[in-house]
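Student: This one is target24.csv, CSV, C-alpha atoms.
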```csv
chain,number,residue,atom,x,y,z
A,1,MET,CA,-36.8,27.6,-17.3
A,2,LYS,CA,-34.1,29.5,-15.4
A,3,LYS,CA,-34.2,26.9,-12.6
A,4,LYS,CA,-33.7,24.1,-15.1
A,5,GLN,CA,-30.6,25.9,-16.5
A,6,ILE,CA,-29.1,26.3,-13.1
A,7,LYS,CA,-29.8,22.6,-12.4
A,8,ILE,CA,-27.9,21.6,-15.6
A,9,VAL,CA,-25.0,23.9,-14.7
A,10,ILE,CA,-24.8,22.3,-11.3
A,11,ALA,CA,-25.0,18.8,-12.7
A,12,ILE,CA,-22.2,19.6,-15.2
A,13,ALA,CA,-20.0,21.1,-12.5
A,14,PHE,CA,-20.6,18.1,-10.4
A,15,ILE,CA,-19.6,15.7,-13.1
A,16,VAL,CA,-16.5,17.7,-13.9
A,17,ILE,CA,-15.4,17.7,-10.3
A,18,ALA,CA,-16.1,14.0,-10.0
A,19,LEU,CA,-14.2,13.1,-13.1
A,20,GLY,CA,-11.4,15.4,-12.0
A,21,SER,CA,-11.1,13.8,-8.7
A,22,VAL,CA,-11.1,10.3,-10.2
A,23,TYR,CA,-8.4,11.4,-12.6
A,24,ALA,CA,-6.3,13.0,-9.8
A,25,TYR,CA,-6.7,9.9,-7.6
A,26,THR,CA,-5.6,7.4,-10.3
A,27,GLU,CA,-2.8,9.7,-11.4
A,28,PHE,CA,-1.6,10.1,-7.9
A,29,ASN,CA,-1.6,6.3,-7.3
A,30,ARG,CA,-0.2,5.4,-10.7
A,31,LYS,CA,2.5,2.9,-10.3
A,32,ALA,CA,5.6,2.9,-12.4
A,33,THR,CA,4.9,0.9,-15.5
A,34,SER,CA,6.5,-2.5,-15.2
A,35,THR,CA,9.4,-3.0,-17.7
A,36,GLU,CA,7.4,-6.0,-19.0
A,37,ASP,CA,4.7,-3.6,-20.4
A,38,LEU,CA,7.1,-1.1,-21.8
A,39,LYS,CA,7.9,-1.1,-25.5
A,40,SER,CA,11.5,-1.4,-26.4
A,41,GLU,CA,12.7,1.6,-28.4
A,42,PHE,CA,16.1,0.1,-29.1
A,43,ASN,CA,17.3,-3.4,-29.7
A,44,THR,CA,21.0,-3.8,-29.7
A,45,SER,CA,23.9,-6.0,-28.8
A,46,ALA,CA,26.2,-5.4,-25.9
A,47,ALA,CA,29.3,-5.0,-28.1
A,48,GLU,CA,27.5,-2.5,-30.3
A,49,ILE,CA,26.3,-0.2,-27.5
A,50,ILE,CA,29.6,-0.4,-25.7
A,51,VAL,CA,31.5,0.8,-28.8
A,52,GLU,CA,28.9,3.5,-29.3
A,53,PHE,CA,29.5,4.8,-25.7
A,54,GLU,CA,33.2,4.5,-25.9
A,55,LYS,CA,33.2,6.6,-29.1
A,56,ASP,CA,31.0,9.4,-27.8
A,57,ASN,CA,29.3,8.9,-24.5
A,58,LYS,CA,27.6,12.3,-24.5
A,59,THR,CA,25.7,11.8,-27.7
A,60,SER,CA,24.9,8.2,-26.8
A,61,ASN,CA,23.6,9.3,-23.3
A,62,THR,CA,21.2,11.7,-24.9
A,63,LYS,CA,20.1,9.2,-27.4
A,64,TYR,CA,19.2,6.5,-24.9
A,65,LEU,CA,18.3,8.4,-21.7
A,66,ASN,CA,15.1,7.2,-20.1
A,67,LYS,CA,14.5,4.9,-23.1
A,68,THR,CA,13.6,1.2,-22.8
A,69,ILE,CA,16.2,-0.9,-24.5
A,70,GLU,CA,16.9,-4.5,-25.1
A,71,VAL,CA,20.5,-5.6,-25.0
A,72,THR,CA,21.9,-9.0,-26.0
A,73,GLY,CA,25.3,-10.0,-24.8
A,74,HIS,CA,27.6,-12.2,-22.8
A,75,ILE,CA,27.3,-12.2,-19.0
A,76,LYS,CA,30.5,-10.9,-17.4
A,77,THR,CA,29.4,-11.4,-13.8
A,78,VAL,CA,26.3,-11.7,-11.7
A,79,GLU,CA,26.4,-9.8,-8.5
A,80,ASN,CA,24.0,-10.9,-5.7
A,81,GLN,CA,24.5,-8.3,-3.0
A,82,LEU,CA,21.6,-6.2,-2.0
A,83,GLY,CA,19.6,-7.1,-5.1
A,84,THR,CA,20.9,-8.7,-8.3
A,85,THR,CA,23.0,-6.9,-10.9
A,86,ILE,CA,23.8,-8.7,-14.1
A,87,VAL,CA,26.9,-7.3,-15.8
A,88,LEU,CA,27.2,-7.7,-19.6
A,89,GLY,CA,30.4,-7.1,-21.5
A,90,ASP,CA,33.6,-8.6,-22.6
A,91,SER,CA,37.3,-8.5,-21.7
A,92,ILE,CA,38.3,-6.3,-24.6
A,93,HIS,CA,36.4,-3.2,-23.5
A,94,SER,CA,36.7,-1.5,-20.1
A,95,THR,CA,33.1,-0.4,-20.4
A,96,SER,CA,30.5,-2.8,-19.1
A,97,ILE,CA,26.7,-2.7,-19.0
A,98,ARG,CA,25.4,-3.0,-15.5
A,99,CYS,CA,21.8,-4.1,-15.4
A,100,SER,CA,20.3,-3.8,-12.0
A,101,MET,CA,17.4,-6.2,-11.9
A,102,ASP,CA,13.9,-5.1,-11.1
A,103,SER,CA,12.6,-5.9,-7.6
A,104,SER,CA,10.2,-8.4,-9.1
A,105,PHE,CA,13.2,-10.4,-10.5
A,106,ARG,CA,13.7,-13.9,-9.2
A,107,ALA,CA,16.4,-16.0,-10.8
A,108,LYS,CA,14.8,-18.9,-12.5
A,109,THR,CA,18.0,-20.7,-13.3
A,110,SER,CA,21.5,-20.0,-12.4
A,111,TYR,CA,23.4,-17.9,-14.8
A,112,THR,CA,26.9,-18.7,-15.9
A,113,ASN,CA,29.5,-16.2,-16.9
A,114,GLY,CA,29.9,-16.1,-20.7
A,115,GLN,CA,26.3,-17.2,-21.3
A,116,VAL,CA,24.4,-15.1,-23.9
A,117,ILE,CA,21.4,-13.4,-22.5
A,118,THR,CA,18.9,-10.7,-23.6
A,119,ILE,CA,18.0,-8.1,-21.0
A,120,LYS,CA,15.3,-5.4,-21.2
A,121,GLY,CA,15.5,-2.4,-19.0
A,122,ILE,CA,15.6,1.4,-18.8
A,123,TYR,CA,18.8,3.2,-19.6
A,124,THR,CA,19.5,5.5,-16.6
A,125,GLY,CA,22.9,7.0,-17.3
A,126,PHE,CA,26.6,6.5,-17.9
A,127,ASN,CA,29.2,6.4,-15.2
A,128,ALA,CA,32.5,7.6,-16.7
A,129,ASP,CA,35.7,6.0,-15.5
A,130,ASP,CA,36.6,8.7,-12.9
A,131,LEU,CA,38.0,6.3,-10.3
A,132,GLY,CA,39.9,3.9,-12.6
A,133,ILE,CA,37.5,1.1,-12.1
A,134,GLY,CA,36.0,1.0,-15.6
A,135,SER,CA,33.1,2.9,-17.0
A,136,ASP,CA,29.5,1.7,-17.0
A,137,ILE,CA,26.3,1.9,-18.9
A,138,ILE,CA,23.6,1.7,-16.3
A,139,ILE,CA,20.3,0.0,-17.0
A,140,ASN,CA,17.7,-0.1,-14.3
A,141,LYS,CA,14.5,-2.1,-13.6
A,142,SER,CA,15.9,-4.8,-15.8
A,143,ILE,CA,14.1,-8.1,-16.7
A,144,ILE,CA,15.4,-11.1,-18.6
A,145,LYS,CA,13.9,-11.4,-22.0
A,146,GLN,CA,15.6,-14.7,-23.0
B,1,MET,CA,71.9,1.5,-11.9
B,2,LYS,CA,69.3,2.0,-14.6
B,3,LYS,CA,68.2,-1.6,-14.1
B,4,THR,CA,67.8,-1.1,-10.4
B,5,ILE,CA,65.6,1.9,-10.9
B,6,PHE,CA,63.6,0.0,-13.4
B,7,PHE,CA,63.1,-2.9,-11.1
B,8,LEU,CA,62.2,-0.6,-8.2
B,9,ALA,CA,59.7,1.1,-10.4
B,10,MET,CA,58.2,-2.2,-11.5
B,11,ILE,CA,57.9,-3.3,-7.9
B,12,ALA,CA,56.2,-0.1,-7.0
B,13,ILE,CA,53.7,-0.4,-9.8
B,14,VAL,CA,53.0,-4.1,-9.1
B,15,THR,CA,52.5,-3.5,-5.3
B,16,SER,CA,50.3,-0.4,-5.9
B,17,THR,CA,48.0,-2.2,-8.3
B,18,TYR,CA,47.8,-5.3,-6.1
B,19,SER,CA,47.5,-3.6,-2.8
B,20,GLN,CA,44.4,-4.3,-0.8
B,21,ASP,CA,44.0,-0.8,0.4
B,22,LYS,CA,41.2,0.1,-1.9
B,23,TYR,CA,37.7,-1.3,-1.7
B,24,PHE,CA,34.8,-0.6,-4.0
B,25,THR,CA,31.3,-1.4,-5.1
B,26,LYS,CA,29.2,-0.5,-8.0
B,27,SER,CA,25.9,-1.7,-6.6
B,28,GLY,CA,25.6,0.2,-3.4
B,29,LYS,CA,22.2,1.0,-2.0
B,30,LEU,CA,21.2,4.5,-1.2
B,31,GLY,CA,17.8,5.2,0.4
B,32,PHE,CA,16.0,8.5,0.3
B,33,ASP,CA,13.1,9.3,2.6
B,34,ALA,CA,11.4,12.6,2.8
B,35,THR,CA,8.2,11.5,4.5
B,36,VAL,CA,6.6,14.0,6.8
B,37,PRO,CA,6.3,12.4,10.3
B,38,LYS,CA,2.9,10.9,10.9
B,39,SER,CA,2.0,11.5,7.2
B,40,PRO,CA,0.3,8.4,5.7
B,41,GLU,CA,2.1,9.1,2.4
B,42,ASN,CA,5.5,7.6,2.1
B,43,ILE,CA,7.9,9.6,0.0
B,44,ASP,CA,10.8,7.3,-0.4
B,45,ALA,CA,13.0,5.9,-3.0
B,46,VAL,CA,16.0,3.6,-3.4
B,47,ASN,CA,19.0,3.6,-5.7
B,48,LYS,CA,20.7,0.3,-6.1
B,49,ALA,CA,23.5,1.3,-8.4
B,50,ALA,CA,25.6,3.7,-6.3
B,51,LEU,CA,29.3,3.7,-6.7
B,52,CYS,CA,31.6,3.7,-3.7
B,53,VAL,CA,35.3,3.6,-3.3
B,54,LEU,CA,37.1,3.5,0.0
B,55,ASP,CA,40.9,3.8,0.5
B,56,THR,CA,41.5,2.1,3.9
B,57,LYS,CA,45.0,3.6,4.1
B,58,THR,CA,44.0,7.2,4.0
B,59,GLY,CA,40.3,6.9,4.9
B,60,ASP,CA,39.3,8.6,1.7
B,61,VAL,CA,35.8,7.7,0.7
B,62,GLN,CA,33.8,8.6,-2.3
B,63,PHE,CA,30.2,7.9,-3.4
B,64,SER,CA,28.5,8.8,-6.6
B,65,CYS,CA,25.1,7.9,-8.0
B,66,LEU,CA,22.8,8.8,-10.8
B,67,MET,CA,19.7,10.7,-9.8
B,68,LYS,CA,17.7,8.9,-12.4
B,69,GLY,CA,18.6,5.7,-10.6
B,70,PHE,CA,16.2,6.4,-7.7
B,71,GLU,CA,13.2,4.2,-7.9
B,72,PHE,CA,10.0,5.3,-6.4
B,73,ASP,CA,6.9,3.2,-5.9
B,74,ARG,CA,4.7,5.9,-7.5
B,75,ALA,CA,5.3,7.0,-11.0
B,76,LEU,CA,4.2,10.5,-10.5
B,77,MET,CA,6.5,11.0,-7.5
B,78,MET,CA,9.4,9.8,-9.6
B,79,GLU,CA,8.5,12.3,-12.4
B,80,HIS,CA,8.2,15.1,-9.9
B,81,PHE,CA,11.5,14.2,-8.2
B,82,ASN,CA,13.4,14.1,-11.5
B,83,GLU,CA,11.7,17.1,-13.2
B,84,ASN,CA,10.9,19.5,-10.4
B,85,TYR,CA,13.2,18.8,-7.5
B,86,ALA,CA,16.4,17.1,-8.4
B,87,GLU,CA,16.3,18.4,-12.0
B,88,SER,CA,18.0,15.2,-13.1
B,89,ASP,CA,18.5,16.1,-16.7
B,90,LYS,CA,20.5,19.2,-15.6
B,91,TYR,CA,22.2,17.6,-12.7
B,92,PRO,CA,22.4,13.9,-13.4
B,93,LYS,CA,24.9,12.9,-10.7
B,94,THR,CA,25.3,13.3,-7.0
B,95,VAL,CA,28.8,13.0,-5.6
B,96,PHE,CA,30.1,12.8,-2.1
B,97,LYS,CA,33.8,13.1,-1.4
B,98,GLY,CA,35.0,12.8,2.1
B,99,VAL,CA,37.3,11.2,4.6
B,100,ILE,CA,36.8,8.9,7.6
B,101,THR,CA,38.0,11.1,10.5
B,102,ASN,CA,38.6,8.2,12.9
B,103,ASN,CA,40.3,6.0,10.2
B,104,ALA,CA,43.1,5.0,12.6
B,105,SER,CA,40.8,3.4,15.0
B,106,ILE,CA,39.4,1.0,12.4
B,107,ASN,CA,41.1,-2.3,11.8
B,108,TYR,CA,39.9,-3.2,8.3
B,109,THR,CA,41.6,-6.5,8.2
B,110,LYS,CA,40.1,-7.9,11.4
B,111,ASP,CA,36.4,-8.9,11.4
B,112,GLY,CA,34.2,-6.7,13.5
B,113,ILE,CA,31.9,-3.7,13.6
B,114,TYR,CA,33.6,-0.4,13.8
B,115,PRO,CA,31.9,2.9,14.4
B,116,ALA,CA,33.0,5.5,11.8
B,117,LYS,CA,32.7,9.2,11.4
B,118,VAL,CA,32.9,10.7,7.9
B,119,LYS,CA,33.2,14.3,6.9
B,120,GLY,CA,33.2,15.7,3.4
B,121,GLN,CA,31.5,17.5,0.6
B,122,MET,CA,28.4,16.5,-1.2
B,123,THR,CA,27.4,17.9,-4.6
B,124,LEU,CA,23.7,17.7,-5.2
B,125,HIS,CA,21.5,19.8,-7.6
B,126,GLY,CA,24.7,21.7,-8.5
B,127,GLU,CA,25.3,22.8,-5.0
B,128,THR,CA,28.2,21.7,-2.8
B,129,LYS,CA,27.8,21.5,0.9
B,130,GLU,CA,29.7,20.1,3.9
B,131,VAL,CA,28.2,16.9,5.2
B,132,GLU,CA,29.0,14.9,8.3
B,133,ALA,CA,27.7,11.5,9.1
B,134,THR,CA,28.2,8.6,11.5
B,135,GLY,CA,27.8,5.0,10.7
B,136,ASN,CA,29.4,1.6,11.0
B,137,ILE,CA,32.0,-0.2,9.0
B,138,ILE,CA,31.5,-3.9,9.2
B,139,SER,CA,34.5,-6.0,8.2
B,140,LYS,CA,33.7,-9.6,7.4
B,141,ALA,CA,35.5,-12.2,5.4
B,142,GLY,CA,37.6,-9.7,3.5
B,143,LYS,CA,34.6,-7.5,2.6
B,144,LEU,CA,33.6,-4.2,4.1
B,145,GLN,CA,30.1,-3.1,4.6
B,146,ILE,CA,29.4,0.6,5.1
B,147,VAL,CA,26.2,1.5,6.8
B,148,ALA,CA,25.3,5.1,7.6
B,149,ASN,CA,22.4,7.5,8.0
B,150,PHE,CA,22.4,11.2,7.7
B,151,ASN,CA,20.0,14.0,6.9
B,152,ILE,CA,20.2,16.7,4.2
B,153,VAL,CA,18.2,19.9,4.1
B,154,PHE,CA,16.7,20.6,0.7
B,155,ALA,CA,17.1,24.3,1.1
B,156,ASP,CA,20.9,23.9,1.4
B,157,TYR,CA,20.9,22.5,-2.1
B,158,LYS,CA,18.5,25.1,-3.5
B,159,ILE,CA,15.8,22.5,-4.0
B,160,VAL,CA,12.6,24.5,-3.7
B,161,ILE,CA,9.5,22.8,-2.2
B,162,PRO,CA,6.3,24.4,-3.5
B,163,GLN,CA,3.9,25.7,-0.8
B,164,LEU,CA,1.2,23.4,-2.1
B,165,VAL,CA,3.1,20.2,-1.1
B,166,ALA,CA,4.9,21.7,1.9
B,167,ASP,CA,2.9,19.7,4.3
B,168,LYS,CA,3.4,16.4,2.5
B,169,LEU,CA,7.1,16.7,1.7
B,170,ALA,CA,9.6,17.0,4.6
B,171,LYS,CA,12.1,19.8,4.5
B,172,THR,CA,14.9,17.4,5.2
B,173,ALA,CA,15.5,14.0,3.7
B,174,LYS,CA,16.9,11.0,5.5
B,175,ILE,CA,19.6,9.4,3.5
B,176,SER,CA,20.6,5.8,4.2
B,177,VAL,CA,23.7,4.2,2.9
B,178,ASP,CA,24.3,0.5,2.6
B,179,CYS,CA,27.3,-0.6,0.5
B,180,LEU,CA,29.2,-3.9,0.5
B,181,LEU,CA,32.7,-3.2,-0.7
B,182,GLU,CA,35.1,-5.7,-2.2
B,183,PRO,CA,38.8,-5.4,-2.6
B,184,LEU,CA,39.7,-3.6,-5.7
B,185,LYS,CA,41.8,-5.8,-7.9
B,186,LYS,CA,43.1,-4.7,-11.3
```
Give the structure from this file in structure tokens form.
Tutor:
Amino acid sequence: MKKKQIKIVIAIAFIVIALGSVYAYTEFNRKATSTEDLKSEFNTSAAEIIVEFEKDNKTSNTKYLNKTIEVTGHIKTVENQLGTTIVLGDSIHSTSIRCSMDSSFRAKTSYTNGQVITIKGIYTGFNADDLGIGSDIIINKSIIKQ
Amino acid sequence: MKKTIFFLAMIAIVTSTYSQDKYFTKSGKLGFDATVPKSPENIDAVNKAALCVLDTKTGDVQFSCLMKGFEFDRALMMEHFNENYAESDKYPKTVFKGVITNNASINYTKDGIYPAKVKGQMTLHGETKEVEATGNIISKAGKLQIVANFNIVFADYKIVIPQLVADKLAKTAKISVDCLLEPLKK
């Protein structure tokens, strides 16, 4: 009887260790979730979010930080140096939305300035206009929704 | 007399806003590598949205980047980096302000590769430390590319590496800079 109990305890311990190691292994190797699979928590327009940030960038920063957001707006410029960055915004506001595209991003068509586009990405932070070159809302790992 | 002063002031403003002394980028690339030599586990990340401004007249150079902008391959590494080491919520930005010490020997307007030395102060994790780096400034077709590598010691910035991972995470990080700067036009 005692022997059987010991056996059960050993078996349970073994299972726990095995499950633990599997969990540790998968957790360790877990890749960052692709933006495609993330659920958007905010859906907004470029103009709206820019106004929000220009009004109070601290509150807006806390509100959006690390959140997946979808922004629809006009393309200001597309930069293709060391990876693609699509800049959304208008000429009225000095603040722009800089969407640095995910490494999986391949331009399917050429984008023209002024074109309306929806981009999904992770809000990373706000760069205030310290250097006199306009402030920016930074969105990382972006993908094109539409 | 008043008119002359006014015109002189106007000329000064116009020339200062249209001068080609300043170059900048908002999509500079900063690499971070804290892999232990010979370790099979790569601990590296890249930030593709670094800000850089260079004044070719004075040699003043400034970088800034958001810590949350560093992208790691492994999600857990990124979480640890932001939560335990860099404490990105508390210290969201890293800023370097320095000056190119051999600025006079660089001919920014002529295409070519120029070795550059930069010295300045870097603020990371709330700590400011003196940093020196060497690199190249490549002038090509009116654009300037800054390429540099330097090391930072985590302890200098009060970033504590737990004993448990001390053999996996190097005590120094290699930082690589690759920025393509365009003339600043306003």
Student: Could you write out as an MDAnalysis selection string the residues of chain A within 8 Å of chain B, counting only C-alpha atoms?
Tutor: chainID A and resid 27:33 81:83 85 100 124:125 131 138 140
Student: Mind giving me the straight-line distance from CA of Tyr157 (chain B) to CA of Lys63 (chain A) in Å, one decimal?
Tutor: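 Straight-line distance from CA of Tyr157 (chain B) to CA of Lys63 (chain A) works out to 28.6 Å.
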Student: Quick one: of B:Lys97, B:Lys143, B:Lys158, B:Lys90, who's nearest to Glu130 (chain B), counting all atoms listed in the file?
Tutor: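 When distances to Glu130 (chain B) are compared using all atoms listed in the file, the smallest one comes from B:Lys97.
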Student: Which is closer to Ile146 (chain B) than all the others in B:Lys110, B:Lys57, B:Lys38, B:Lys117, using only C-alpha atoms?
Tutor: B:Lys117
Student: Counting all atoms listed in the file, figure out which residue out of A:Gly20, A:Gly114, A:Gly73, A:Gly121 gets nearest to Ile143 (chain A).
Tutor: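 With all atoms listed in the file as the atom set, the closest residue is A:Gly121.
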Student: Would you list the residues near (32.0, -4.7, 13.8) (no more than 12 Å away, in the coordinates of the file, using only C-alpha atoms) as an MDAnalysis selection string?
Tutor: chainID B and resid 106:116 135:141 143:147
Student: Measuring atom to atom with only C-alpha atoms, identify which of B:Val118, B:Pro37, B:Leu30, B:Val95 is nearest to Gly59 (chain B).
Tutor: B:Val118
Student: So how many Å separate CA of Ser110 (chain A) and CA of Lys39 (chain A), to one decimal?
Tutor: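 Result for CA of Ser110 (chain A) versus CA of Lys39 (chain A): 26.7 Å, one decimal.
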Student: Have a look at CA of Glu132 (chain B) and CA of Ile43 (chain B) and let me know their distance in Å, one decimal.
Tutor: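 Distance between the two atoms: 23.3 Å.
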Student: I'd like the neighbourhood of Ile100 (chain B) as a PDB file with C-alpha atoms, keeping the file's coordinate frame, where a residue qualifies if any of its atoms comes within 10 Å (using all atoms listed in the file), though same-chain residues fewer than 2 positions away should be ignored.
Tutor:
```
ATOM      1  CA  LEU B  54      37.100   3.500   0.000  1.00  0.00           C
ATOM      2  CA  ASP B  55      40.900   3.800   0.500  1.00  0.00           C
ATOM      3  CA  THR B  56      41.500   2.100   3.900  1.00  0.00           C
ATOM      4  CA  THR B  58      44.000   7.200   4.000  1.00  0.00           C
ATOM      5  CA  GLY B  59      40.300   6.900   4.900  1.00  0.00           C
ATOM      6  CA  ASP B  60      39.300   8.600   1.700  1.00  0.00           C
ATOM      7  CA  VAL B  61      35.800   7.700   0.700  1.00  0.00           C
ATOM      8  CA  GLY B  98      35.000  12.800   2.100  1.00  0.00           C
ATOM      9  CA  ASN B 102      38.600   8.200  12.900  1.00  0.00           C
ATOM     10  CA  ASN B 103      40.300   6.000  10.200  1.00  0.00           C
ATOM     11  CA  ALA B 104      43.100   5.000  12.600  1.00  0.00           C
ATOM     12  CA  ILE B 106      39.400   1.000  12.400  1.00  0.00           C
ATOM     13  CA  ALA B 116      33.000   5.500  11.800  1.00  0.00           C
ATOM     14  CA  LYS B 117      32.700   9.200  11.400  1.00  0.00           C
ATOM     15  CA  VAL B 118      32.900  10.700   7.900  1.00  0.00           C
ATOM     16  CA  LYS B 119      33.200  14.300   6.900  1.00  0.00           C
ATOM     17  CA  GLY B 120      33.200  15.700   3.400  1.00  0.00           C
ATOM     18  CA  GLU B 132      29.000  14.900   8.300  1.00  0.00           C
ATOM     19  CA  ALA B 133      27.700  11.500   9.100  1.00  0.00           C
ATOM     20  CA  THR B 134      28.200   8.600  11.500  1.00  0.00           C
TER      21      THR B 134
END
```
Student: Select, counting only C-alpha atoms, all protein, DNA and RNA residues no farther than 9 Å from (20.0, -0.1, -19.6) in file coordinates, and express the selection as a VMD selection string.
Tutor: chain A and resid 64 to 71 97 to 100 119 to 125 137 to 142
Student: Restricting the calculation to all atoms listed in the file, which member of B:Ala173, B:Phe63, B:Thr101, B:Ala45 is positioned closest to Asp130 (chain A)?
Tutor: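 Closest to Asp130 (chain A), using all atoms listed in the file: B:Phe63.
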Student: Go through B:Val165, B:Val177, B:Ala34, B:Ile159 and flag the residue nearest Asn82 (chain B), using all atoms listed in the file for the distances.
Tutor: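 Among the listed residues, the smallest separation from Asn82 (chain B) belongs to B:Ile159.
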Student: Write out as a PDB file with C-alpha atoms, in the coordinates of the input which residues come within 10 Å of Ile75 (chain A) when counting all atoms listed in the file, dropping same-chain ones fewer than 5 positions away.
Tutor:
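Okay, around-v9.pdb is ready:
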```
ATOM      1  CA  ALA A  46      26.200  -5.400 -25.900  1.00  0.00           C
ATOM      2  CA  ILE A  86      23.800  -8.700 -14.100  1.00  0.00           C
ATOM      3  CA  VAL A  87      26.900  -7.300 -15.800  1.00  0.00           C
ATOM      4  CA  LEU A  88      27.200  -7.700 -19.600  1.00  0.00           C
ATOM      5  CA  GLY A  89      30.400  -7.100 -21.500  1.00  0.00           C
ATOM      6  CA  ASP A  90      33.600  -8.600 -22.600  1.00  0.00           C
ATOM      7  CA  SER A  96      30.500  -2.800 -19.100  1.00  0.00           C
ATOM      8  CA  ILE A  97      26.700  -2.700 -19.000  1.00  0.00           C
ATOM      9  CA  TYR A 111      23.400 -17.900 -14.800  1.00  0.00           C
ATOM     10  CA  THR A 112      26.900 -18.700 -15.900  1.00  0.00           C
ATOM     11  CA  ASN A 113      29.500 -16.200 -16.900  1.00  0.00           C
ATOM     12  CA  GLY A 114      29.900 -16.100 -20.700  1.00  0.00           C
ATOM     13  CA  GLN A 115      26.300 -17.200 -21.300  1.00  0.00           C
ATOM     14  CA  VAL A 116      24.400 -15.100 -23.900  1.00  0.00           C
ATOM     15  CA  ILE A 117      21.400 -13.400 -22.500  1.00  0.00           C
ATOM     16  CA  THR A 118      18.900 -10.700 -23.600  1.00  0.00           C
TER      17      THR A 118
END
```
